[in-house]
Amino acid sequence: MNITDLTVKELSEKLKSREISSLEATKEYFDKIEKTDGEINAYVRLTRDAAVRQAEEADKIIAEGKATPLTGIPYGMKDNICTKGSVTSCASKMLENFNPPYDAFVTKKMLGENAIMLGKTNMDEFAMGSTTENSAFKVTKNPRNTERVPGGSSGGSAAAVAANEAAFTLGSDTGGSIRQPAAFCGVVGFKPTYGTVSRNGLVAFASSLDQIGPLTKNVEDAAIVLNAVAGHDALDSTSVDRAYDDFTSEMTMGVKGMKAALPKEYFGEGINPEVKEAVMNAAKAFEKMGAEIEEVSIPAMEYALPAYYVISSSEASSNLARFDGVRYGYRADGEYEDMDDFYKNTRSEGFGKEVKRRIMLGSFALSSGYYDAYYKKALQVRTLIINDFNKIFEKHDFIISPVAPTVAYKIGEKMAAPVEMYLGDIYTVPVNIAGLPAISMPCGNDSEGLPIGMQLIGKAFSEKTLIRAGYAFEKEGL
Amino acid sequence: MNMIKDYEMVIGLEVHCELGTNTKIFCGCPTSFGAEPNTQCCPVCMGMPGTLPVLNKQVVEYAIKAGMATNCTIARYSKQDRKNYFYPDLPKAYQISQYDLPLCEHGWLEIESENGTKKIGITRIHIEEDAGKLVHVPGKGTMVDCNRCGVPLIEIVSEPDIRSAEEAVAYFKKLRAIILYTGISDCKMQEGSMRCDVNLSVRKKGTEKFGTRTEMKNLNSFTFIQKAIEYEYKRQVEEIEKGGVIVQETRRYDQSSGKTYSMRKKEDANDYRYFPDPDLAPIVMPEEKLKELKASIPTLPDERKKKYVDSFGLTPYDAELITNDMATADYFEEAASETEYPKILANLIIAEVMKLYDTENGSIVIAPSHMAQIAEMQGNGDINSSVAKKIIKSLRDNDGDAREYVKENNLGQINDEALLRSYINEAVEKNPKSAADYKKGKTAAAKAIMGQVMSKTQGRGNPILIDRLLTEILNSLK
């Protein structure tokens with residue numbers, strides 16, 4: 001048995017039965033990281049000492065019989081989620097030395113469960129990108145094929161799970177940043193309903209779209225981690241105050257009698273035929289398992305991508321304005337004439353190219369005279385998309401779609417063509433715009449053996465439906 | 001300068017007022033003034049990455065009270081927006097304020113001007129957070145103090161209804177009085193908790209069109225407002241008369257020179273790129289809450305003023321003076337309930353108000369019932385007004401029964417005609433020149449004799465009676 005091959009569920013059982021200790025498991029993971037992460041580069045920073053201490057503590061708790069489902073489980077944390085006393089850099093030169101004096105809500109949840117943080121995972125700088133190539137520190141490779149990108153922006157989190165360098169990881173998803181790398185790396189990624197997981201302590205990219213979620217080896221693990229992180233937080237005004245019961249409670253009920261929708265806009269121009277075929281086959285599998293499949297339409301889909309880039313960049317331009325070199329973070333050396341000069345130098349040097357591109361895009365969209373044409377229009381599109389989804393969910397339990405039009409790109413392939421890269425987000429961004437939950441899971445491989453991802457989208461707070469459908473597919477559909 | 005009479009000034013005021021909540025607008029930090037730099041701030045008000053604002057409900061309630069007290073329409077649905085600009089005292093590089101949906105709109109208040117009672121419109125009242133402070137330390141450079149970051153403010157914007165420096169001051173005083181009545185702010189101008197921006201333009205009398213305006217920022221005393229307006233008015237008129245044009249700009253009023261200086265031209269002004277803050281939910285006020293707030297507002301200055309004019313016979317001007325301070329008004333009302341002579345009472349309070357207050361703790365040292373006794377005695381002719389003042393002076397140091405004091409010190413008014421006649425005859429005999437002057441038509445000459453009679457009575461003579469008798473005696477002289 002290889003400890004690092006185990007799912008969260010399996011490892012948790014072995015910890016509770018004292019077959020293995022958390023300390024052993026933790027060491028095993030660090031050994032694995034040592035062996036493979038030199039090439040994969042899933043982590044930007046390891047937190048070995050703290051992890052060992054935590055593992056010893058977890059073993060005591062397990063011995064006392066007080067273990068919860070994540071107690072003693074080694075995991076990786078995306079580098080844009082604040083961890084007190086441990087650098088949280090968002091893979092940016094700007095925050096290279098930023099050591100937050102507070103924990104994110106989810107970090108506290110993990111500490112409360114006595115899960116073991118192995119380190120912070122690599123990402124596109126400030127979560128802007130789809131390949132993790134925009135990290136200021138390193139390029140993460142896809143463990144399924146190291147010439148390929150792992151996707152992004154949570155590429156480190158996806159690669160760590162795929163390479164067995166963590167039992168699970170946490171990521172953040174603003175326009176597909178959990179789901180797309182999960183698809184590229186062949187793991188499960190879950191983007192919860194907006195407001196399910198507190199954003200408190202998540203360094204904001206686009207506040208109205210950001211949501212934290214798990215990346216795991218399978219659907220059940222995603223539900224288990226969701227159980228640990230979902231919940232109301234009074235310190236996040238967008239956190240929804242509702243009771244969450246066990247996300248696994250309907251998991252094994254099967255899909256018989258469920259109604260699934262296939263939106264035709266998700267299978268149109270630009271989709272790789274092998275991706276299309278795999279997702280269509282998945283739909284057929286659902287039909288075989290007793291679900292009804294019907295083709296539907298999301299007419300506003302064609303505006304989703306531009307609306308997403310306007311909204312997310314506008315919010316980002318404001319959210320990232322605080323990185324000005326005055327109080328913390330990167331500060332440009334040398335002479336400057338005045339404060340404007342100081343800001344310009346600091347921000348020009350501290351941010352990477354893609355981040356600056358989005359800040360400029362967003363600043364422009366919010367400018368006086370352009371606001372109505374861009375930001376306001378984008379908000380109108382948002383309403384249209386929400387309406388389109390609502391209409392579908394009047395009659396259907398979930399939507400089946402591809403996660404991305406293609407499989408993982410070659411490293412460097414898209415870096416010179418930002419708009420092409422943006423087009424890769426076309427299937428994931430509508431979900432964020434509407435604030436919906438969606439799961440990304442493997443549904444096959446292409447002819448080169450690269451994973452293909454399927455996305456299941458549900459109405460707000462229908463996480464359990466998605467887990468039920470995803471679990472059924474995992475068991476019987478492949 | 002004759003030409004200045006051909007012009008009129010058009011003024012609108014923007015008043016910022018710090019609210020007296022115990023904690024800041026978006027976090028739990030204290031708002032108290034004067035603490036050591038950077039001791040009253042936390043990651044939230046310092047805008048650190050990942051932190052989120054949570055609106056302090058009391059701020060909303062206080063702002064609504066201000067709106068209700070100034071006859072505003074209260075928004076049932078309101079939102080908060082980000083005002084984006086870079087400045088070292090603004091840690092997030094945006095200020096959370098309100099743009100197009102302020103909490104309160106379309107209000108007004110009344111002032112007493114040289115032309116009688118005048119209504120000044122209030123465009124809007126919105127909530128926002130204060131910025132920090134830059135402290136210039138010689139030899140060390142400029143330091144940022146974040147204690148003030150996130151202190152709640154309301155901004156009260158007036159219509160351009162003000163036409164003179166006196167009106168501006170009257171408006172500011174009235175607004176301050178109303179806010180003090182509602183108890184939402186201490187309005188301490190020297191601590192900057194109430195400050196004022198003046199927008200001023202000039203136009204030829206009789207014309208409709210507004211001239212180009214300038215803005216003078218952060219005036220924090222009645223005197224500065226008055227002087228800055230007078231200077232800026234003159235400057236604008238002179239500029240126009242010289243054939244120049246007024247440039248839209250921000251100007252700084254310099255206290256020592258009494259002049260205004262250009263700070264920032266309009267073209268250098270920021271494009272604030274306002275957009276709704278995605279971290280904060282819209283503010284929705286239930287009808288019940290509004291009713292509750294309405295009920296909590298005490299009787300306001302104007303209502304009291306009306307009562308003082310209608311029931312007590314005070315002039316609007318005197319009533320305004322008394323109602324401008326709630327403690328004085330309360331005092332007046334309590335004393336007025338015990339005397340038949342509220343007008344005399346009002347005059348005594350206005351003339352002696354500064355002497356009534358204990359400067360140490362701000363309370364009035366003479367009991368209202370004792371003050372009422374003084375007014376009563378003066379009204380009944382038992383004492384004259386100069387004795388009344390003498391009693392106030394004495395009771396200020398040792399409060400006690402005014403009637404007892406009069407008795408003990410033998411201060412009762414002398415109304416004995418025969419006695420007064422004898423004093424007058426004596427004085428006339430001693431001053432033949434004054435008497436002769438009087439006969440020649442210099443009526444003022446009687447004053448000298450009057451003074452001597454008064455001093456003979458040790459200030460206790462009935463002045464009206466003396467005046468009548470003196471006239472009679474002087475006229476009867478051959």
# chains A, B, ... in the order shown; residues from 1 in each chain; ligands from 1

$ interface_residues --of "chain B" --to "chain A" --cutoff "9 Å" --atoms "only C-alpha atoms" --output "ChimeraX atom specification"
/B:43,47-55,82,84-88,90-94,144,271-275,277-281

$ write_last_selection --atoms "C-alpha atoms" --output "compact mmCIF listing (two decimals), in the first residue's frame"
# COMPACT_ATOMS: atom_id res chain seq x y z
CA PRO B 43 -6.08 44.18 9.32
CA GLY B 47 -7.06 47.01 4.14
CA MET B 48 -4.77 44.02 4.31
CA PRO B 49 -5.14 41.32 1.65
CA GLY B 50 -8.06 38.98 2.17
CA THR B 51 -9.83 41.09 4.76
CA LEU B 52 -13.47 42.02 4.25
CA PRO B 53 -15.65 44.86 5.53
CA VAL B 54 -18.71 44.17 7.69
CA LEU B 55 -21.00 47.18 7.95
CA ARG B 82 -15.94 52.19 -4.02
CA ASN B 84 -10.89 54.56 -6.20
CA TYR B 85 -7.80 56.74 -5.83
CA PHE B 86 -4.24 56.35 -4.67
CA TYR B 87 -3.07 58.16 -1.56
CA PRO B 88 -0.83 56.89 1.23
CA LEU B 90 -5.97 55.32 2.10
CA PRO B 91 -4.82 51.73 2.67
CA LYS B 92 -7.19 49.97 0.26
CA ALA B 93 -6.63 52.64 -2.38
CA TYR B 94 -10.38 53.04 -2.43
CA VAL B 144 1.04 57.05 8.02
CA ASP B 271 -11.48 59.77 -12.14
CA TYR B 272 -12.75 57.89 -9.12
CA ARG B 273 -14.08 54.93 -11.11
CA TYR B 274 -17.00 54.45 -8.73
CA PHE B 275 -18.62 51.03 -8.77
CA ASP B 277 -18.63 47.41 -3.63
CA PRO B 278 -19.01 43.66 -4.27
CA ASP B 279 -17.97 42.87 -0.69
CA LEU B 280 -21.07 44.53 0.78
CA ALA B 281 -24.72 43.70 0.43

$ residues_around --residues "stretch 252-261 of chain A" --least-positions-apart "6" --cutoff "7 Å" --atoms "only C-alpha atoms" --output "count of residues only"
16

$ select_by_dssp --residues "stretch 188-240 of chain A" --states "strand (DSSP E)" --output "PDB file with N, CA, C and O atoms, in the first residue's frame"
ATOM      1  N   VAL A 188     -10.797  15.679  -9.405  1.00  0.00           N
ATOM      2  CA  VAL A 188     -12.114  16.263  -9.170  1.00  0.00           C
ATOM      3  C   VAL A 188     -11.944  17.657  -8.565  1.00  0.00           C
ATOM      4  O   VAL A 188     -11.119  17.847  -7.659  1.00  0.00           O
ATOM      5  N   GLY A 189     -12.691  18.623  -9.079  1.00  0.00           N
ATOM      6  CA  GLY A 189     -12.669  19.982  -8.515  1.00  0.00           C
ATOM      7  C   GLY A 189     -14.090  20.458  -8.297  1.00  0.00           C
ATOM      8  O   GLY A 189     -14.964  20.237  -9.142  1.00  0.00           O
ATOM      9  N   PHE A 190     -14.319  21.071  -7.167  1.00  0.00           N
ATOM     10  CA  PHE A 190     -15.692  21.508  -6.870  1.00  0.00           C
ATOM     11  C   PHE A 190     -15.723  23.005  -6.605  1.00  0.00           C
ATOM     12  O   PHE A 190     -15.026  23.513  -5.728  1.00  0.00           O
ATOM     13  N   LYS A 191     -16.545  23.709  -7.373  1.00  0.00           N
ATOM     14  CA  LYS A 191     -16.762  25.135  -7.142  1.00  0.00           C
ATOM     15  C   LYS A 191     -18.138  25.264  -6.500  1.00  0.00           C
ATOM     16  O   LYS A 191     -19.153  25.048  -7.150  1.00  0.00           O
ATOM     17  N   GLN A 211     -14.709  32.069  -5.259  1.00  0.00           N
ATOM     18  CA  GLN A 211     -15.227  31.087  -4.314  1.00  0.00           C
ATOM     19  C   GLN A 211     -14.171  30.010  -4.099  1.00  0.00           C
ATOM     20  O   GLN A 211     -13.521  29.555  -5.025  1.00  0.00           O
ATOM     21  N   ILE A 212     -13.984  29.618  -2.833  1.00  0.00           N
ATOM     22  CA  ILE A 212     -13.006  28.586  -2.482  1.00  0.00           C
ATOM     23  C   ILE A 212     -13.665  27.218  -2.602  1.00  0.00           C
ATOM     24  O   ILE A 212     -14.862  27.076  -2.317  1.00  0.00           O
ATOM     25  N   GLY A 213     -12.895  26.236  -3.034  1.00  0.00           N
ATOM     26  CA  GLY A 213     -13.439  24.883  -3.102  1.00  0.00           C
ATOM     27  C   GLY A 213     -12.324  23.855  -3.097  1.00  0.00           C
ATOM     28  O   GLY A 213     -11.151  24.189  -3.186  1.00  0.00           O
ATOM     29  N   PRO A 214     -12.696  22.554  -3.007  1.00  0.00           N
ATOM     30  CA  PRO A 214     -11.703  21.481  -2.914  1.00  0.00           C
ATOM     31  C   PRO A 214     -11.285  20.901  -4.267  1.00  0.00           C
ATOM     32  O   PRO A 214     -12.059  20.920  -5.219  1.00  0.00           O
ATOM     33  N   LEU A 215     -10.070  20.390  -4.296  1.00  0.00           N
ATOM     34  CA  LEU A 215      -9.619  19.534  -5.397  1.00  0.00           C
ATOM     35  C   LEU A 215      -9.222  18.203  -4.764  1.00  0.00           C
ATOM     36  O   LEU A 215      -8.474  18.188  -3.789  1.00  0.00           O
ATOM     37  N   THR A 216      -9.782  17.131  -5.315  1.00  0.00           N
ATOM     38  CA  THR A 216      -9.654  15.826  -4.647  1.00  0.00           C
ATOM     39  C   THR A 216      -9.476  14.710  -5.668  1.00  0.00           C
ATOM     40  O   THR A 216      -9.602  14.920  -6.868  1.00  0.00           O
TER      41      THR A 216
END

$ atom_distance --atom1 "atom CA of B:Arg460" --atom2 "atom CA of B:Ala335"
24.3 Å

$ closest_residue --among "B:Glu303, B:Glu114, B:Glu429, B:Asp401" --to "B:Met371" --atoms "only C-alpha atoms"
B:Asp401

$ atom_distance --atom1 "atom CA of A:Val187" --atom2 "atom CA of A:Ala115"
20.3 Å

$ residues_around --residues "B:Ala69" --least-positions-apart "6" --cutoff "8 Å" --atoms "only C-alpha atoms" --output "PyMOL selection string"
chain B and resi 178-179+182+297+300

$ write_last_selection --atoms "C-alpha atoms" --output "compact mmCIF listing (two decimals), in the first residue's frame"
# COMPACT_ATOMS: atom_id res chain seq x y z
CA ILE B 178 -29.45 69.47 14.72
CA ILE B 179 -26.76 66.80 14.72
CA THR B 182 -29.85 63.77 17.53
CA ILE B 297 -35.33 61.60 17.51
CA LEU B 300 -35.49 69.43 17.21

$ residues_around --residues "stretch 411-422 of chain B" --least-positions-apart "6" --cutoff "10 Å" --atoms "only C-alpha atoms" --output "JSON, numbers by chain"
{"B": [377, 378, 381, 382, 383, 384, 385, 387, 388, 390, 391, 403, 405, 428, 453, 454, 456, 457, 458, 459, 460, 461, 462, 463, 464, 465, 466, 469, 470, 473]}

$ write_last_selection --atoms "N, CA and C atoms" --output "PDB file, in the first residue's frame"
ATOM      1  N   MET B 377     -38.500  88.230  39.417  1.00  0.00           N
ATOM      2  CA  MET B 377     -38.321  89.459  40.200  1.00  0.00           C
ATOM      3  C   MET B 377     -38.148  90.664  39.292  1.00  0.00           C
ATOM      4  N   GLN B 378     -37.353  90.463  38.214  1.00  0.00           N
ATOM      5  CA  GLN B 378     -37.149  91.585  37.287  1.00  0.00           C
ATOM      6  C   GLN B 378     -38.460  91.941  36.607  1.00  0.00           C
ATOM      7  N   GLY B 381     -40.713  93.945  38.752  1.00  0.00           N
ATOM      8  CA  GLY B 381     -40.185  95.237  39.174  1.00  0.00           C
ATOM      9  C   GLY B 381     -39.528  95.195  40.533  1.00  0.00           C
ATOM     10  N   ASP B 382     -39.311  93.991  41.065  1.00  0.00           N
ATOM     11  CA  ASP B 382     -38.646  93.901  42.364  1.00  0.00           C
ATOM     12  C   ASP B 382     -37.166  94.206  42.268  1.00  0.00           C
ATOM     13  N   ILE B 383     -36.586  93.887  41.143  1.00  0.00           N
ATOM     14  CA  ILE B 383     -35.172  94.233  40.918  1.00  0.00           C
ATOM     15  C   ILE B 383     -35.054  94.797  39.514  1.00  0.00           C
ATOM     16  N   ASN B 384     -33.974  95.519  39.264  1.00  0.00           N
ATOM     17  CA  ASN B 384     -33.750  95.967  37.894  1.00  0.00           C
ATOM     18  C   ASN B 384     -32.744  95.045  37.208  1.00  0.00           C
ATOM     19  N   SER B 385     -32.485  95.326  35.912  1.00  0.00           N
ATOM     20  CA  SER B 385     -31.708  94.382  35.114  1.00  0.00           C
ATOM     21  C   SER B 385     -30.246  94.315  35.563  1.00  0.00           C
ATOM     22  N   VAL B 387     -29.162  94.632  38.586  1.00  0.00           N
ATOM     23  CA  VAL B 387     -29.135  93.787  39.785  1.00  0.00           C
ATOM     24  C   VAL B 387     -29.276  92.317  39.382  1.00  0.00           C
ATOM     25  N   ALA B 388     -30.150  92.092  38.389  1.00  0.00           N
ATOM     26  CA  ALA B 388     -30.320  90.718  37.914  1.00  0.00           C
ATOM     27  C   ALA B 388     -28.970  90.129  37.508  1.00  0.00           C
ATOM     28  N   LYS B 390     -26.067  91.089  38.494  1.00  0.00           N
ATOM     29  CA  LYS B 390     -25.242  90.945  39.692  1.00  0.00           C
ATOM     30  C   LYS B 390     -25.564  89.628  40.408  1.00  0.00           C
ATOM     31  N   ILE B 391     -26.858  89.318  40.464  1.00  0.00           N
ATOM     32  CA  ILE B 391     -27.266  88.083  41.146  1.00  0.00           C
ATOM     33  C   ILE B 391     -26.722  86.867  40.402  1.00  0.00           C
ATOM     34  N   ARG B 403     -34.238  85.080  45.734  1.00  0.00           N
ATOM     35  CA  ARG B 403     -34.991  86.021  46.585  1.00  0.00           C
ATOM     36  C   ARG B 403     -34.267  86.259  47.908  1.00  0.00           C
ATOM     37  N   TYR B 405     -31.167  85.999  48.401  1.00  0.00           N
ATOM     38  CA  TYR B 405     -29.971  86.765  48.109  1.00  0.00           C
ATOM     39  C   TYR B 405     -30.289  88.258  48.027  1.00  0.00           C
ATOM     40  N   VAL B 428     -29.715 117.178  40.200  1.00  0.00           N
ATOM     41  CA  VAL B 428     -29.899 118.312  39.273  1.00  0.00           C
ATOM     42  C   VAL B 428     -29.206 119.552  39.818  1.00  0.00           C
ATOM     43  N   VAL B 453     -27.992 109.501  39.827  1.00  0.00           N
ATOM     44  CA  VAL B 453     -29.128 109.031  40.637  1.00  0.00           C
ATOM     45  C   VAL B 453     -28.993 107.523  40.886  1.00  0.00           C
ATOM     46  N   MET B 454     -28.668 106.836  39.835  1.00  0.00           N
ATOM     47  CA  MET B 454     -28.507 105.377  39.938  1.00  0.00           C
ATOM     48  C   MET B 454     -27.439 104.992  40.952  1.00  0.00           C
ATOM     49  N   LYS B 456     -26.477 106.752  43.399  1.00  0.00           N
ATOM     50  CA  LYS B 456     -27.023 107.110  44.713  1.00  0.00           C
ATOM     51  C   LYS B 456     -27.878 105.960  45.283  1.00  0.00           C
ATOM     52  N   THR B 457     -28.610 105.282  44.337  1.00  0.00           N
ATOM     53  CA  THR B 457     -29.451 104.150  44.790  1.00  0.00           C
ATOM     54  C   THR B 457     -28.659 102.848  44.844  1.00  0.00           C
ATOM     55  N   GLN B 458     -27.377 102.933  44.622  1.00  0.00           N
ATOM     56  CA  GLN B 458     -26.504 101.748  44.549  1.00  0.00           C
ATOM     57  C   GLN B 458     -27.018 100.752  43.498  1.00  0.00           C
ATOM     58  N   GLY B 459     -27.490 101.370  42.399  1.00  0.00           N
ATOM     59  CA  GLY B 459     -27.934 100.545  41.273  1.00  0.00           C
ATOM     60  C   GLY B 459     -29.293  99.919  41.460  1.00  0.00           C
ATOM     61  N   ARG B 460     -30.008 100.285  42.531  1.00  0.00           N
ATOM     62  CA  ARG B 460     -31.266  99.609  42.819  1.00  0.00           C
ATOM     63  C   ARG B 460     -32.495 100.380  42.374  1.00  0.00           C
ATOM     64  N   GLY B 461     -32.303 101.622  41.897  1.00  0.00           N
ATOM     65  CA  GLY B 461     -33.443 102.428  41.483  1.00  0.00           C
ATOM     66  C   GLY B 461     -34.157 101.849  40.282  1.00  0.00           C
ATOM     67  N   ASN B 462     -35.462 102.031  40.252  1.00  0.00           N
ATOM     68  CA  ASN B 462     -36.246 101.569  39.106  1.00  0.00           C
ATOM     69  C   ASN B 462     -35.930 102.474  37.921  1.00  0.00           C
ATOM     70  N   PRO B 463     -35.238 102.006  36.917  1.00  0.00           N
ATOM     71  CA  PRO B 463     -34.741 102.896  35.846  1.00  0.00           C
ATOM     72  C   PRO B 463     -35.873 103.560  35.068  1.00  0.00           C
ATOM     73  N   ILE B 464     -36.947 102.868  34.922  1.00  0.00           N
ATOM     74  CA  ILE B 464     -38.062 103.446  34.135  1.00  0.00           C
ATOM     75  C   ILE B 464     -38.703 104.605  34.905  1.00  0.00           C
ATOM     76  N   LEU B 465     -38.856 104.351  36.187  1.00  0.00           N
ATOM     77  CA  LEU B 465     -39.449 105.378  37.049  1.00  0.00           C
ATOM     78  C   LEU B 465     -38.548 106.611  37.143  1.00  0.00           C
ATOM     79  N   ILE B 466     -37.250 106.350  37.318  1.00  0.00           N
ATOM     80  CA  ILE B 466     -36.287 107.453  37.397  1.00  0.00           C
ATOM     81  C   ILE B 466     -36.325 108.280  36.118  1.00  0.00           C
ATOM     82  N   LEU B 469     -39.466 110.468  36.090  1.00  0.00           N
ATOM     83  CA  LEU B 469     -39.395 111.553  37.069  1.00  0.00           C
ATOM     84  C   LEU B 469     -38.366 112.598  36.659  1.00  0.00           C
ATOM     85  N   LEU B 470     -37.242 112.120  36.143  1.00  0.00           N
ATOM     86  CA  LEU B 470     -36.172 113.035  35.732  1.00  0.00           C
ATOM     87  C   LEU B 470     -36.629 113.953  34.603  1.00  0.00           C
ATOM     88  N   ILE B 473     -38.974 116.526  36.040  1.00  0.00           N
ATOM     89  CA  ILE B 473     -38.287 117.561  36.832  1.00  0.00           C
ATOM     90  C   ILE B 473     -37.514 118.519  35.937  1.00  0.00           C
TER      91      ILE B 473
END

$ residues_around --residues "stretch 416-419 of chain A" --least-positions-apart "5" --cutoff "12 Å" --atoms "only C-alpha atoms" --output "PyMOL selection string"
chain A and resi 128-131+133-134+305-306+309+353-355+357-358+411+424-426

$ residues_around --residues "B:Ala319" --least-positions-apart "4" --cutoff "7 Å" --atoms "only C-alpha atoms" --output "list in words"
Lys305, Tyr308, Val309, Leu314, Thr315 and Thr323 of chain B

$ residues_around --residues "stretch 218-235 of chain B" --least-positions-apart "5" --cutoff "6 Å" --atoms "only C-alpha atoms" --output "ChimeraX atom specification"
/B:165,169,189,195-197

$ select_by_dssp --residues "stretch 226-473 of chain B" --states "helix (DSSP H, G or I)" --output "PyMOL selection string"
chain B and resi 226-241+266-268+287-295+301-312+316-323+326-336+342-356+368-380+385-397+402-408+417-430+432-439+445-456+463-473

$ atom_distance --atom1 "atom CA of B:Glu239" --atom2 "atom CA of B:Val10"
16.1 Å

$ closest_residue --among "A:Lys356, A:Lys264, A:Arg179, A:Lys108" --to "A:Ser440" --atoms "only C-alpha atoms"
A:Arg179
